[in-house]
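Undergrad: Handing you this structure, nothing more for now.
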Amino acid sequence: LGNEPYFGDNPERNASRWAQIVPEIKRIFPEVDIGIPIAEYRAGDPDIAAVRARSTAVDKWFEGGSEFGFQRLNQWSGRFIVAFADSLKYCSHVIYHFYGGDAAYGCGAAGFGRIRSFAKVFPEIKDMKVWVTECRERSDEDWRCQMMHSSTLFKACYMMAAISQPEIDAICVHQLAQLSGGFLVADGKGWWLQVDALRHAIPDPDADGRPRIEPGPAGPLFRLYNEALLSHPIILKHGSNDLQGPKCGWSICNQYYGWHHKAVQWRREGVKNQHDFWNAEWIAAVDPQMKSVVLVCCNPREKVWKPTFAVPGCTLGKAKYRMFGCRPDAVFLHQVPGEPPPTWELEKAGPSDALEIPAYTVATVEIPITGGAPKKKGGR
C-alpha cells in the first residue's frame, strides 16, 4: 500500500484512501497478497539521515537534531494501523525496509527483534507475515559499498539469517543493478553510477555505442543461492559455525561497519589471521522428495572452514560444490566496471565427510541422501 508512506504527514488520510481502494483490489484479484509498509526505526539509523538529505519536506521532523524524526516515523505506522483497523482483514503482510548492517540498525539481529517488538505493541498485525522489500548493508552514506566482495559476504550472511526467520516470507535488495552489485549497466558510452538522477557515468573505454551489462560483485551470489533454494525449498536448520537453531550468532551481519573499517586497517598494517573470530554462516535445506540436502553457506574468514555435516538416519553421497570467492588482497577493494574482476567461480565434487569452504567464499554444497528422510522438526 504505497512506498514508504510513513515519510508523509497524515496517516489517517492515507488509511481512509486505502480503505476505499483495497476492497476493490480484492474483488478484482481475490487471491492477491497485500502488504502494509511499516516504519520501525531506532535513533541513529543511517536511513533516516539519507532520506533527509534527499528531501527537504521532512526537515521539520529533525528540528534541533533531536530523535523526533525516528519517533515520528514509528508513530505514523501505529496511527495508520489504528485508523485502518477495519480493513486489515484484506491484508496478509507487513513490509519493512532495512538499511545498515550494524548492531542497532535494520540489517541485523536488531531488525528481526524490531519486527517482533512492533507486533507485540500492535497485535492487530501479529499474525501477518513479513516482506523485506528493500535491504542494503549501508544506506546512502556509501552508495558504492556493494562494489566490494566484503559486501557480497555480508549479503550472503544476512540473506541466510533472514529467510530462516519464521515471520519472513520474502526478502530482496533495493534493486538488482548497480545498487545491489547484481548487474553493472553500461549505456554505450559509460557505466552508470548507483543512484544518480543525472545519469552520470564512469567512462567506458571499451564502449562501441551499444548498451551492455555484466555481472556485478554480488551477481553470482544471487544466482547460486536462489538456484539452491528453488530446488531445495524446505529449510531444516540455520547455524553459525557449529551452533544451530534460532539463537545462534551471526557476527558479520551485526557488525558490518566496524568489521569493514577494521579489516581495511588490518590489511594495511599486515595483520594476519584477523578474521578468525568471524563466524561462517549456513543453512541446510532439503528438496521436497527428500532425495538431496543442500548446505548453503558463507565463509567470511581468511582461513578455510571445515564443517562436519550429518543427516541422522541417512547415508550421504558425494558432495557437489558450487563456489564463488575472491582474491584475499581484493576483498575490501572497490571493483571497477569493465575491468577483470578479482573474483572466481568453481564447481567440483568431493567427499561429503570432509567438506572444505575456502576463505572469503560463498558456496552451495548439494549432497544426495538415501536410507531415510531427515527430520523436519522446527523446519519451514
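Residues are named by chain letter and number: chains run A, B, ... in the order of the C-alpha cells, numbers start at 1 in each chain, and ligands are numbered from 1 in the order shown.
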Give the strand (DSSP E or B) residues of segment 14-180 of chain A, as assigned by DSSP on the backbone, as a list in words.
TA: Gly35, Ile36, Pro37, His93, Val94, Ile95, Tyr96, His97, Phe98, Tyr99, Lys129, Val130, Trp131, Val132, Thr133, Glu134, Cys135, Arg136, Ile168, Asp169, Ala170 and Ile171 of chain A
Undergrad: Do you know which residues are at most 8 Å from Glu137 of chain A counting only C-alpha atoms, after dropping those on the same chain fewer than 6 positions away, and could you put them as an MDAnalysis selection string?
TA: chainID A and resid 99:101 107 151 154:155 256
Undergrad: Under the rule that only C-alpha atoms are counted, which of A:Val82, A:Val293, A:Leu243, A:Val336 is the nearest residue to Gln178 of chain A?
TA: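 Of A:Val82, A:Val293, A:Leu243, A:Val336, the one nearest Gln178 of chain A, counting only C-alpha atoms, is A:Val336.
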Undergrad: What's the 12 Å shell around Asn299 of chain A, counting only C-alpha atoms, without same-chain residues fewer than 5 positions away, as a VMD selection string?
TA: chain A and resid 150 152 to 154 156 to 157 240 to 241 250 to 252 275 to 282 304 to 307 323 to 326 356 to 364
Undergrad: Would you compute the distance between atom CA of Pro203 of chain A and atom CA of Gly338 of chain A? Give it in Å to one decimal.
TA: 9.9 Å
Undergrad: Skip Trp76 of chain A itself and residues of its chain fewer than 5 positions away, then list as number ranges by chain all residues within 10 Å of it, counting only C-alpha atoms.
TA: A: 5-12, 38-40, 70-71, 81
Undergrad: Restrict the selected residues to N, CA, C and O atoms and save them as a tab-separated table (two decimals), in the first residue's frame.
TA:
```tsv
chain	number	residue	atom	x	y	z
A	5	PRO	N	5.18	5.27	2.81
A	5	PRO	CA	4.25	6.38	3.05
A	5	PRO	C	4.46	7.05	4.39
A	5	PRO	O	3.97	8.17	4.61
A	6	TYR	N	5.19	6.40	5.30
A	6	TYR	CA	5.41	6.97	6.64
A	6	TYR	C	6.26	8.22	6.62
A	6	TYR	O	6.44	8.87	7.64
A	7	PHE	N	6.83	8.57	5.45
A	7	PHE	CA	7.50	9.85	5.34
A	7	PHE	C	6.51	10.97	5.02
A	7	PHE	O	6.90	12.12	4.83
A	8	GLY	N	5.22	10.63	4.94
A	8	GLY	CA	4.17	11.62	4.78
A	8	GLY	C	3.75	12.17	6.14
A	8	GLY	O	4.34	11.85	7.17
A	9	ASP	N	2.69	12.98	6.15
A	9	ASP	CA	2.33	13.66	7.40
A	9	ASP	C	0.90	13.40	7.86
A	9	ASP	O	0.45	14.01	8.83
A	10	ASN	N	0.17	12.48	7.21
A	10	ASN	CA	-1.22	12.28	7.60
A	10	ASN	C	-1.62	10.81	7.45
A	10	ASN	O	-2.22	10.41	6.46
A	11	PRO	N	-1.29	9.98	8.44
A	11	PRO	CA	-1.59	8.55	8.33
A	11	PRO	C	-3.09	8.26	8.27
A	11	PRO	O	-3.51	7.29	7.62
A	12	GLU	N	-3.90	9.08	8.94
A	12	GLU	CA	-5.35	8.85	8.92
A	12	GLU	C	-5.92	9.06	7.52
A	12	GLU	O	-6.77	8.28	7.07
A	38	ILE	N	5.57	-0.60	7.00
A	38	ILE	CA	5.74	-0.28	8.41
A	38	ILE	C	7.10	0.39	8.60
A	38	ILE	O	8.11	-0.09	8.07
A	39	ALA	N	7.12	1.47	9.38
A	39	ALA	CA	8.40	2.07	9.79
A	39	ALA	C	8.64	1.69	11.24
A	39	ALA	O	7.76	1.85	12.09
A	40	GLU	N	9.82	1.16	11.52
A	40	GLU	CA	10.19	0.83	12.90
A	40	GLU	C	11.67	1.14	13.03
A	40	GLU	O	12.52	0.29	12.83
A	70	PHE	N	12.88	9.70	14.19
A	70	PHE	CA	12.55	8.28	14.17
A	70	PHE	C	11.30	8.01	14.98
A	70	PHE	O	10.52	7.12	14.65
A	71	GLN	N	11.05	8.80	16.03
A	71	GLN	CA	9.82	8.61	16.80
A	71	GLN	C	8.60	8.95	15.95
A	71	GLN	O	7.58	8.25	16.00
A	81	ILE	N	-2.21	1.92	11.43
A	81	ILE	CA	-2.81	0.63	11.76
A	81	ILE	C	-4.13	0.82	12.51
A	81	ILE	O	-5.13	0.15	12.22
```
Undergrad: Need to verify the contact set: Gly219 of chain A, 7 Å, only C-alpha atoms, exclusion of same-chain residues closer than 6 positions in sequence. Can you return it as a short mmCIF file (atom, residue, chain, number, x, y, z; two decimals) with C-alpha atoms, in the first residue's frame?
TA:
```
data_model
loop_
_atom_site.label_atom_id
_atom_site.label_comp_id
_atom_site.auth_asym_id
_atom_site.auth_seq_id
_atom_site.Cartn_x
_atom_site.Cartn_y
_atom_site.Cartn_z
CA GLY A 181 26.00 -5.33 -7.07
CA GLY A 182 23.81 -7.74 -9.05
CA PHE A 183 24.35 -6.28 -12.52
#
```
Undergrad: Set the distance at 7 Å and use only C-alpha atoms: which residues neighbour Ala201 of chain A once local chain neighbours fewer than 5 positions away are removed? I'd like the list as a list of chain:residue names.
TA: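 Here the qualifying residues turn out to be A:Gly190, A:Trp191, A:Trp192, A:Leu193.
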Undergrad: Store the residues picked out above, limited to N, CA and C atoms, as a compact mmCIF listing (two decimals), in the first residue's frame.
TA:
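That gives us out21.txt:
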```txt
# COMPACT_ATOMS: atom_id res chain seq x y z
N GLY A 190 29.16 4.93 -21.12
CA GLY A 190 29.81 4.78 -19.82
C GLY A 190 29.00 3.86 -18.91
N TRP A 191 29.61 3.51 -17.78
CA TRP A 191 28.95 2.66 -16.79
C TRP A 191 28.16 3.54 -15.84
N TRP A 192 26.87 3.26 -15.70
CA TRP A 192 26.03 4.07 -14.82
C TRP A 192 26.52 3.99 -13.38
N LEU A 193 26.43 5.11 -12.72
CA LEU A 193 26.67 5.13 -11.29
C LEU A 193 25.38 4.78 -10.56
```
Undergrad: Between A:His97, A:His232, A:Lys348, A:Arg114, which has the minimum distance to Arg136 of chain A (counting only C-alpha atoms)?
TA: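 Closest residue, counting only C-alpha atoms: A:His97.
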Undergrad: If I take atom CA of Ile202 of chain A and atom CA of Ala186 of chain A, how far is one from the other in Å, to one decimal?
TA: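 Here the two named atoms are 9.0 Å from each other.
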Undergrad: Rank nothing, just name the residue among A:Asn226, A:Gln146, A:Ser87, A:Ser164 nearest to Leu179 of chain A, using only C-alpha atoms.
TA: A:Gln146
Undergrad: May I ask which of the residues A:Ala83, A:Val132, A:Ala162, A:Cys145 is the closest one to Gly108 of chain A, counting only C-alpha atoms?
TA: A:Ala162
Undergrad: One number please: atom CA of Ala103 of chain A to atom CA of Arg301 of chain A, in Å, one decimal.
TA: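 Computing it gives 19.6 Å between the two atoms.
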Undergrad: Once DSSP has gone over the backbone, tell me which residues of segment 132-320 of chain A are in alpha helix (DSSP H), as a PyMOL selection string.
TA: chain A and resi 149-163+219-231+251-254+256-269
Undergrad: Of the residues A:Gly258, A:Gly209, A:Gly317, A:Gly2, which is the one nearest to Ile21 of chain A, using only C-alpha atoms?
TA: A:Gly2
Undergrad: Please determine, counting only C-alpha atoms, which residue among A:Ala110, A:Arg268, A:Tyr158, A:Lys26 has the shortest atom-to-atom distance to Lys89 of chain A.
TA: A:Lys26
